[in-house]
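> The structure file query.cif (mmCIF, C-alpha atoms) is provided below.
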```
data_input
#
loop_
_atom_site.label_atom_id
_atom_site.label_comp_id
_atom_site.auth_asym_id
_atom_site.auth_seq_id
_atom_site.Cartn_x
_atom_site.Cartn_y
_atom_site.Cartn_z
CA MET T 949 0.00 0.00 0.00
CA ARG T 950 1.12 3.55 -0.69
CA GLU T 951 1.90 5.99 2.11
CA PRO T 952 -1.58 7.17 3.21
CA ALA T 953 -0.78 10.86 3.61
CA ILE T 954 0.92 11.48 0.25
CA GLY T 955 -0.55 10.74 -3.16
CA PRO T 956 1.48 10.02 -6.30
CA VAL T 957 0.50 13.30 -7.98
CA GLY T 958 0.61 15.47 -4.87
CA VAL T 959 -1.80 16.28 -2.06
CA MET T 960 -3.48 19.59 -2.85
CA LEU T 961 -4.40 20.07 -6.50
CA THR T 962 -6.79 22.63 -7.92
CA ALA T 963 -8.77 21.86 -11.06
CA MET T 964 -7.79 25.12 -12.72
CA ALA T 965 -10.18 27.39 -14.60
CA THR T 966 -9.13 28.58 -18.04
CA PRO T 967 -8.97 32.39 -18.31
CA PHE T 968 -10.40 33.91 -21.48
CA GLY T 969 -10.24 37.44 -22.77
CA PRO T 970 -13.32 39.67 -23.12
CA ASP T 971 -13.80 38.32 -26.63
CA GLY T 972 -13.69 34.71 -25.42
CA ALA T 973 -10.20 33.99 -26.79
CA LEU T 974 -7.70 32.08 -24.70
CA ASP T 975 -5.84 34.42 -22.33
CA VAL T 976 -2.39 32.83 -22.14
CA PRO T 977 -0.84 35.47 -19.81
CA GLY T 978 -3.92 35.02 -17.63
CA VAL T 979 -3.40 31.25 -17.55
CA GLN T 980 0.14 31.80 -16.33
CA ARG T 981 -0.76 34.42 -13.77
CA LEU T 982 -3.53 32.26 -12.32
CA ALA T 983 -1.26 29.20 -12.21
CA GLU T 984 1.43 31.16 -10.38
CA HIS T 985 -1.12 32.46 -7.87
CA LEU T 986 -2.51 29.00 -7.16
CA VAL T 987 0.95 27.56 -6.57
CA ASP T 988 2.90 30.41 -5.00
CA THR T 989 0.15 32.11 -2.97
CA LEU T 990 -2.25 29.29 -2.13
CA GLY T 991 0.23 26.43 -1.91
CA ASN T 992 -1.10 23.96 -4.44
CA ASP T 993 1.44 21.27 -5.22
CA GLY T 994 -0.40 20.35 -8.39
CA LEU T 995 -2.72 21.85 -10.99
CA VAL T 996 -5.17 19.96 -13.16
CA VAL T 997 -5.69 21.73 -16.47
CA ASN T 998 -8.14 20.95 -19.27
CA GLY T 999 -10.68 19.43 -16.93
CA THR T 1000 -14.34 20.26 -16.38
CA THR T 1001 -13.49 23.47 -14.52
CA GLY T 1002 -11.08 24.31 -17.33
CA GLU T 1003 -14.02 24.18 -19.78
CA SER T 1004 -12.40 21.38 -21.73
CA PRO T 1005 -15.57 20.61 -23.73
CA THR T 1006 -15.28 24.03 -25.41
CA THR T 1007 -11.52 24.39 -25.86
CA THR T 1008 -9.83 23.13 -29.01
CA ASP T 1009 -7.08 20.54 -29.05
CA ALA T 1010 -4.59 23.26 -29.97
CA GLU T 1011 -5.75 25.42 -27.06
CA LYS T 1012 -5.38 22.47 -24.70
CA VAL T 1013 -1.75 22.05 -25.72
CA THR T 1014 -1.13 25.78 -25.30
CA ILE T 1015 -2.66 25.68 -21.80
CA ILE T 1016 -0.41 22.81 -20.74
CA ARG T 1017 2.72 24.50 -22.06
CA ALA T 1018 1.83 27.86 -20.54
CA THR T 1019 1.10 26.29 -17.14
CA ARG T 1020 4.28 24.24 -17.24
CA GLU T 1021 6.32 27.34 -18.03
CA ALA T 1022 4.62 29.32 -15.26
CA VAL T 1023 5.06 26.85 -12.41
CA GLY T 1024 8.27 25.11 -13.47
CA ASP T 1025 9.08 22.30 -11.08
CA ARG T 1026 7.20 23.92 -8.17
CA ALA T 1027 4.05 21.93 -8.91
CA ARG T 1028 2.87 19.00 -10.97
CA VAL T 1029 0.80 19.70 -14.06
CA ILE T 1030 -1.87 17.07 -14.65
CA ALA T 1031 -3.69 17.27 -17.97
CA GLY T 1032 -7.28 16.24 -18.51
CA VAL T 1033 -7.41 14.11 -21.66
CA GLY T 1034 -10.59 12.09 -21.27
CA THR T 1035 -13.36 12.24 -23.88
CA TYR T 1036 -16.16 9.93 -25.04
CA ASP T 1037 -13.85 8.71 -27.83
CA THR T 1038 -10.94 6.42 -26.95
CA VAL T 1039 -8.96 7.26 -30.08
CA HIS T 1040 -9.30 11.00 -29.45
CA SER T 1041 -8.35 10.51 -25.79
CA VAL T 1042 -5.19 8.67 -26.85
CA HIS T 1043 -4.34 11.56 -29.18
CA LEU T 1044 -4.83 14.08 -26.37
CA ALA T 1045 -2.73 11.97 -24.01
CA ARG T 1046 0.20 11.92 -26.42
CA GLU T 1047 -0.14 15.65 -27.06
CA ALA T 1048 -0.18 16.30 -23.31
CA ALA T 1049 2.95 14.24 -22.77
CA ALA T 1050 4.76 16.11 -25.52
CA ALA T 1051 3.64 19.45 -24.05
CA GLY T 1052 5.21 18.70 -20.66
CA ALA T 1053 2.42 17.28 -18.51
CA ASP T 1054 3.41 15.25 -15.45
CA GLY T 1055 0.32 13.07 -15.47
CA LEU T 1056 -3.08 12.50 -17.05
CA LEU T 1057 -6.61 12.78 -15.71
CA VAL T 1058 -8.97 10.52 -17.64
CA VAL T 1059 -12.71 10.87 -17.04
CA SER T 1060 -15.08 8.04 -17.84
CA PRO T 1061 -16.45 8.32 -21.36
CA TYR T 1062 -19.64 10.37 -21.18
CA TYR T 1063 -22.87 10.33 -23.15
CA ASN T 1064 -22.29 6.93 -24.82
CA ARG T 1065 -22.36 5.15 -21.41
CA PRO T 1066 -20.11 2.14 -22.12
CA PRO T 1067 -20.38 -1.05 -20.05
CA GLN T 1068 -17.69 -1.84 -17.49
CA GLU T 1069 -15.63 -3.83 -20.03
CA GLY T 1070 -15.70 -0.76 -22.25
CA LEU T 1071 -14.43 1.38 -19.37
CA LEU T 1072 -11.60 -1.10 -18.74
CA HIS T 1073 -10.55 -1.03 -22.38
CA HIS T 1074 -10.78 2.77 -22.56
CA PHE T 1075 -8.69 3.51 -19.47
CA ARG T 1076 -6.10 0.83 -20.24
CA THR T 1077 -5.73 2.01 -23.83
CA VAL T 1078 -5.16 5.62 -22.76
CA ALA T 1079 -2.71 4.48 -20.07
CA ASP T 1080 -0.79 2.47 -22.68
CA ALA T 1081 -0.42 5.54 -24.90
CA THR T 1082 2.27 7.30 -22.82
CA ASP T 1083 4.63 6.72 -19.91
CA LEU T 1084 2.74 9.19 -17.68
CA PRO T 1085 0.83 8.22 -14.55
CA VAL T 1086 -2.94 8.15 -14.98
CA VAL T 1087 -5.67 9.28 -12.60
CA THR T 1088 -9.09 7.87 -13.41
CA TYR T 1089 -12.02 10.21 -12.81
CA ASP T 1090 -15.28 8.75 -11.54
CA ILE T 1091 -18.17 11.25 -11.76
CA PRO T 1092 -21.32 9.38 -12.79
CA LYS T 1093 -23.62 12.39 -12.35
CA ARG T 1094 -21.85 13.88 -15.39
CA THR T 1095 -20.91 10.77 -17.36
CA GLY T 1096 -23.99 8.63 -16.82
CA VAL T 1097 -22.00 5.58 -15.74
CA ALA T 1098 -20.07 4.80 -12.55
CA ILE T 1099 -16.76 2.98 -12.40
CA GLU T 1100 -17.71 -0.07 -10.33
CA VAL T 1101 -15.52 -1.31 -7.48
CA GLU T 1102 -14.49 -4.45 -9.34
CA THR T 1103 -13.51 -2.35 -12.35
CA LEU T 1104 -11.33 -0.09 -10.20
CA VAL T 1105 -9.66 -3.16 -8.69
CA ARG T 1106 -8.85 -4.44 -12.18
CA LEU T 1107 -7.65 -1.03 -13.36
CA ALA T 1108 -5.26 -0.84 -10.40
CA GLU T 1109 -3.36 -3.77 -11.89
CA HIS T 1110 -2.11 -1.48 -14.68
CA PRO T 1111 1.32 -0.09 -13.74
CA ARG T 1112 0.52 3.46 -14.85
CA ILE T 1113 -3.01 3.76 -13.46
CA VAL T 1114 -2.07 5.06 -10.02
CA ALA T 1115 -5.01 7.02 -8.61
CA ASN T 1116 -8.71 7.76 -8.76
CA LYS T 1117 -10.50 11.07 -8.51
CA ASP T 1118 -13.69 10.28 -6.64
CA ALA T 1119 -16.74 12.42 -7.34
CA LYS T 1120 -19.17 9.52 -7.06
CA GLY T 1121 -20.70 10.55 -3.75
CA ASP T 1122 -20.86 6.92 -2.60
CA LEU T 1123 -18.77 6.49 0.54
CA GLU T 1124 -19.61 2.79 0.79
CA ALA T 1125 -18.24 2.08 -2.68
CA SER T 1126 -15.23 4.29 -2.01
CA GLN T 1127 -14.35 2.37 1.15
CA TRP T 1128 -14.60 -0.99 -0.59
CA ALA T 1129 -12.45 0.17 -3.50
CA MET T 1130 -9.78 1.59 -1.18
CA ALA T 1131 -9.80 -1.63 0.83
CA ARG T 1132 -9.37 -3.83 -2.22
CA CYS T 1133 -6.77 -1.97 -4.29
CA ASP T 1134 -3.81 0.36 -3.88
CA LEU T 1135 -5.03 3.23 -6.05
CA ALA T 1136 -4.35 6.55 -4.37
CA TRP T 1137 -7.64 8.26 -3.66
CA TYR T 1138 -8.40 11.93 -4.37
CA SER T 1139 -11.54 13.73 -3.32
CA GLY T 1140 -13.19 15.24 -6.38
CA ASP T 1141 -16.23 16.49 -4.49
CA ASP T 1142 -15.32 19.37 -2.18
CA ILE T 1143 -18.23 18.91 0.21
CA LEU T 1144 -16.86 15.40 0.92
CA ASN T 1145 -13.21 16.41 1.34
CA LEU T 1146 -13.01 15.55 5.03
CA PRO T 1147 -15.26 12.46 4.90
CA LEU T 1148 -13.13 11.00 2.10
CA LEU T 1149 -9.94 11.94 3.95
CA SER T 1150 -11.25 10.11 7.02
CA ILE T 1151 -11.68 6.84 5.12
CA GLY T 1152 -8.32 6.90 3.36
CA ALA T 1153 -8.17 9.56 0.66
CA GLN T 1154 -4.67 10.91 0.11
CA GLY T 1155 -5.42 14.24 -1.46
CA PHE T 1156 -7.81 16.58 -3.22
CA ILE T 1157 -8.52 17.65 -6.78
CA SER T 1158 -10.56 20.65 -5.82
CA VAL T 1159 -12.61 23.41 -7.39
CA VAL T 1160 -12.79 25.60 -4.28
CA GLY T 1161 -9.01 25.32 -4.15
CA HIS T 1162 -9.10 28.44 -6.31
CA VAL T 1163 -9.86 30.40 -3.14
CA VAL T 1164 -9.05 28.17 -0.13
CA ALA T 1165 -6.41 25.62 -1.17
CA ASP T 1166 -4.17 26.68 1.72
CA ARG T 1167 -6.96 25.99 4.22
CA ILE T 1168 -7.83 22.61 2.73
CA ARG T 1169 -4.18 21.60 2.98
CA ALA T 1170 -4.09 22.79 6.59
CA MET T 1171 -7.16 20.68 7.33
CA ALA T 1172 -5.45 17.61 5.90
CA GLU T 1173 -2.29 18.31 7.86
CA ALA T 1174 -4.28 18.66 11.07
CA PHE T 1175 -6.11 15.41 10.39
CA HIS T 1176 -2.92 13.45 9.70
CA ALA T 1177 -1.27 14.96 12.78
CA GLY T 1178 -4.07 13.49 14.89
CA ASP T 1179 -5.94 16.74 15.48
CA VAL T 1180 -9.26 15.39 14.29
CA CYS T 1181 -11.29 17.99 16.20
CA GLY T 1182 -9.22 20.74 14.61
CA ALA T 1183 -9.76 19.27 11.15
CA ILE T 1184 -13.51 19.09 11.78
CA ALA T 1185 -13.57 22.74 12.85
CA MET T 1186 -11.61 23.77 9.76
CA ASN T 1187 -13.95 21.80 7.52
CA ARG T 1188 -17.04 23.33 9.09
CA ALA T 1189 -15.63 26.80 8.56
CA LEU T 1190 -15.27 25.96 4.86
CA LEU T 1191 -18.86 24.77 4.38
CA PRO T 1192 -20.16 28.13 3.09
CA VAL T 1193 -17.41 28.11 0.45
CA TYR T 1194 -18.09 24.50 -0.54
CA THR T 1195 -21.79 25.24 -0.95
CA GLY T 1196 -21.41 28.72 -2.40
CA ILE T 1197 -19.25 27.79 -5.38
CA PHE T 1198 -21.76 25.15 -6.45
CA ARG T 1199 -25.07 27.03 -6.15
CA THR T 1200 -25.01 26.91 -9.93
CA GLN T 1201 -22.59 25.23 -12.33
CA GLY T 1202 -19.16 25.26 -10.70
CA VAL T 1203 -17.18 26.91 -13.51
CA ILE T 1204 -19.58 29.84 -13.57
CA LEU T 1205 -19.13 30.72 -9.90
CA THR T 1206 -15.44 29.83 -9.84
CA LYS T 1207 -14.83 32.46 -12.49
CA ALA T 1208 -17.03 34.89 -10.57
CA ALA T 1209 -14.98 34.21 -7.41
CA LEU T 1210 -11.77 34.88 -9.31
CA GLN T 1211 -13.19 38.15 -10.61
CA LEU T 1212 -14.12 39.20 -7.06
CA GLN T 1213 -10.45 38.71 -6.13
CA GLY T 1214 -9.08 40.53 -9.17
CA LEU T 1215 -7.61 37.36 -10.66
CA PRO T 1216 -7.67 36.27 -14.33
CA SER T 1217 -10.90 34.61 -15.32
CA GLY T 1218 -12.89 36.21 -18.12
CA PRO T 1219 -16.23 34.96 -19.42
CA VAL T 1220 -17.36 31.36 -19.70
CA ARG T 1221 -17.89 29.85 -23.11
CA SER T 1222 -21.35 28.93 -24.37
CA PRO T 1223 -23.42 26.92 -23.58
CA LEU T 1224 -22.44 28.10 -20.11
CA VAL T 1225 -23.52 31.60 -19.14
CA ASP T 1226 -21.84 34.09 -16.85
CA ALA T 1227 -23.07 34.59 -13.30
CA THR T 1228 -25.87 37.08 -12.79
CA ALA T 1229 -25.59 40.04 -10.43
CA ASP T 1230 -27.79 38.23 -7.90
CA GLN T 1231 -25.63 35.10 -8.11
CA ILE T 1232 -22.47 37.15 -7.62
CA GLY T 1233 -23.99 38.89 -4.63
CA GLN T 1234 -24.90 35.55 -3.03
CA LEU T 1235 -21.44 34.19 -3.82
CA GLU T 1236 -19.81 37.19 -2.16
CA ARG T 1237 -21.86 36.54 0.98
CA ASP T 1238 -20.99 32.85 0.91
CA LEU T 1239 -17.27 33.52 0.53
CA ARG T 1240 -17.25 36.08 3.33
CA ASP T 1241 -19.20 33.66 5.56
CA GLY T 1242 -16.50 31.12 4.78
CA GLY T 1243 -13.73 33.48 5.83
CA VAL T 1244 -12.46 34.39 2.36
CA ASP T 1245 -10.83 37.82 2.23
CA LEU T 1246 -12.25 39.75 -0.73
CA SER T 1247 -10.65 43.10 0.11
#
```
Go ahead and express the file in the form of structure tokens.


Amino acid sequence: MREPAIGPVGVMLTAMATPFGPDGALDVPGVQRLAEHLVDTLGNDGLVVNGTTGESPTTTDAEKVTIIRATREAVGDRARVIAGVGTYDTVHSVHLAREAAAAGADGLLVVSPYYNRPPQEGLLHHFRTVADATDLPVVTYDIPKRTGVAIEVETLVRLAEHPRIVANKDAKGDLEASQWAMARCDLAWYSGDDILNLPLLSIGAQGFISVVGHVVADRIRAMAEAFHAGDVCGAIAMNRALLPVYTGIFRTQGVILTKAALQLQGLPSGPVRSPLVDATADQIGQLERDLRDGGVDLS
């Protein structure tokens, strides 16, 4: 079994938003400035780019490569850069994986194929094929509320046999299944559902791939450090203080309010791309109250 407190791609990773300019074009200097802020100010030891929060469904393959290269250049060796490469097409996912490796990614995040809802054997083939495409470590991403199909425990156990499939990002919301999977295989476990960060940590998760890490990554890391140091009551108190942030960012689609939160802090963000829509004034006002209730400094 791997060391329980340290995951193979880091401990605190933020699923980074992709800044765009006012016209919706990729803002490369903004990507770099945001990456530097997340690593140097908030203490992330990894960034996941080209994921859901990075609006990967509406960025081109060329933009994805540019984002990886820009992030790599910005953070150097101060943080790992994990690239989302999963799609509903195995061949396209393999292409993205190879492009990510060539662009300097340290690892790959591969979501379950969405929309076409493959059976478990299809999931096995998909993840193994993408993992075979490069020498990079692979993190599977289990989020059935988006993909329409869960990665079953037995499938995770079989995937763990692959030498490059090293971790799972868990946004399933099923603590029973999570416990059985952790008990039966040595995949490192990452919370992919911020409201369950502490519950997943308590049953064996080794880190976080977080959306609210855009604003409170340092506090999530401190919570984990308190928990692993044996200060469970302190970790509980820290987690409770974060509840308004966890809830506030997800009152509507997470990318929308993440970008609004970045704007409130004067950080690069820009508009979302259609079919998403930017936060309304009322939503921004509620978000500001939520963040302040959660102890986020917006001054």

> Pick out the residues sitting within 7 Å of Ile1157 in chain T, and hand them over as a VMD selection string; count all atoms listed in the file, and ignore anything fewer than 4 positions along from it in its own chain.

chain T and resid 960 to 963 1138 to 1140

> So that I can check the surroundings of Pro1061 in chain T, please list as a PDB file with C-alpha atoms, in the coordinates of the input every protein, DNA and RNA residue that reaches within 9 Å of it, counting only C-alpha atoms and ignoring chain neighbours fewer than 3 positions away.


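Contents of result25.pdb, as written:
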```
ATOM      1  CA  GLY T1034     -10.590  12.090 -21.270  1.00  0.00           C
ATOM      2  CA  THR T1035     -13.360  12.240 -23.880  1.00  0.00           C
ATOM      3  CA  TYR T1036     -16.160   9.930 -25.040  1.00  0.00           C
ATOM      4  CA  ASP T1037     -13.850   8.710 -27.830  1.00  0.00           C
ATOM      5  CA  THR T1038     -10.940   6.420 -26.950  1.00  0.00           C
ATOM      6  CA  VAL T1058      -8.970  10.520 -17.640  1.00  0.00           C
ATOM      7  CA  ASN T1064     -22.290   6.930 -24.820  1.00  0.00           C
ATOM      8  CA  ARG T1065     -22.360   5.150 -21.410  1.00  0.00           C
ATOM      9  CA  PRO T1066     -20.110   2.140 -22.120  1.00  0.00           C
ATOM     10  CA  LEU T1071     -14.430   1.380 -19.370  1.00  0.00           C
ATOM     11  CA  HIS T1074     -10.780   2.770 -22.560  1.00  0.00           C
ATOM     12  CA  THR T1095     -20.910  10.770 -17.360  1.00  0.00           C
ATOM     13  CA  GLY T1096     -23.990   8.630 -16.820  1.00  0.00           C
ATOM     14  CA  VAL T1097     -22.000   5.580 -15.740  1.00  0.00           C
TER      15      VAL T1097
END
```

> Taking the file as I've supplied it (selection: the PyMOL selection byres ((chain T and resi 988) around 12)), which residues are included? Please answer as a JSON list (two decimals) with C-alpha atoms, keeping the file's coordinate frame.


```
[["chain", "number", "residue", "atom", "x", "y", "z"],
["T", 980, "GLN", "CA", 0.14, 31.80, -16.33],
["T", 981, "ARG", "CA", -0.76, 34.42, -13.77],
["T", 982, "LEU", "CA", -3.53, 32.26, -12.32],
["T", 983, "ALA", "CA", -1.26, 29.20, -12.21],
["T", 984, "GLU", "CA", 1.43, 31.16, -10.38],
["T", 985, "HIS", "CA", -1.12, 32.46, -7.87],
["T", 986, "LEU", "CA", -2.51, 29.00, -7.16],
["T", 987, "VAL", "CA", 0.95, 27.56, -6.57],
["T", 989, "THR", "CA", 0.15, 32.11, -2.97],
["T", 990, "LEU", "CA", -2.25, 29.29, -2.13],
["T", 991, "GLY", "CA", 0.23, 26.43, -1.91],
["T", 992, "ASN", "CA", -1.10, 23.96, -4.44],
["T", 993, "ASP", "CA", 1.44, 21.27, -5.22],
["T", 994, "GLY", "CA", -0.40, 20.35, -8.39],
["T", 995, "LEU", "CA", -2.72, 21.85, -10.99],
["T", 1022, "ALA", "CA", 4.62, 29.32, -15.26],
["T", 1023, "VAL", "CA", 5.06, 26.85, -12.41],
["T", 1024, "GLY", "CA", 8.27, 25.11, -13.47],
["T", 1025, "ASP", "CA", 9.08, 22.30, -11.08],
["T", 1026, "ARG", "CA", 7.20, 23.92, -8.17],
["T", 1027, "ALA", "CA", 4.05, 21.93, -8.91],
["T", 1165, "ALA", "CA", -6.41, 25.62, -1.17],
["T", 1166, "ASP", "CA", -4.17, 26.68, 1.72]]
```

> Any chance you could resolve the PyMOL selection byres ((chain T and resi 1016) around 8) against this file and give the residues as a list in words?

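For this structure, the PyMOL selection byres ((chain T and resi 1016) around 8) resolves to Val997, Lys1012, Val1013, Thr1014, Ile1015, Arg1017, Ala1018, Thr1019, Arg1020, Val1029, Ala1031, Ala1048, Ala1051, Gly1052 and Ala1053 of chain T.
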
> In Å, with one decimal, what is the gap from CA of Gly1178 in chain T to CA of Val1164 in chain T?

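Between CA of Gly1178 in chain T and CA of Val1164 in chain T the gap is 21.6 Å.
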
> Where does the PyMOL selection byres ((chain T and resi 1168) around 9) land in this file, that is, which residues does it pick, as a JSON list (two decimals) with C-alpha atoms, keeping the file's coordinate frame?


```json
[["chain", "number", "residue", "atom", "x", "y", "z"],
["T", 960, "MET", "CA", -3.48, 19.59, -2.85],
["T", 1145, "ASN", "CA", -13.21, 16.41, 1.34],
["T", 1156, "PHE", "CA", -7.81, 16.58, -3.22],
["T", 1161, "GLY", "CA", -9.01, 25.32, -4.15],
["T", 1164, "VAL", "CA", -9.05, 28.17, -0.13],
["T", 1165, "ALA", "CA", -6.41, 25.62, -1.17],
["T", 1166, "ASP", "CA", -4.17, 26.68, 1.72],
["T", 1167, "ARG", "CA", -6.96, 25.99, 4.22],
["T", 1169, "ARG", "CA", -4.18, 21.60, 2.98],
["T", 1170, "ALA", "CA", -4.09, 22.79, 6.59],
["T", 1171, "MET", "CA", -7.16, 20.68, 7.33],
["T", 1172, "ALA", "CA", -5.45, 17.61, 5.90],
["T", 1173, "GLU", "CA", -2.29, 18.31, 7.86],
["T", 1186, "MET", "CA", -11.61, 23.77, 9.76],
["T", 1187, "ASN", "CA", -13.95, 21.80, 7.52],
["T", 1190, "LEU", "CA", -15.27, 25.96, 4.86]]
```
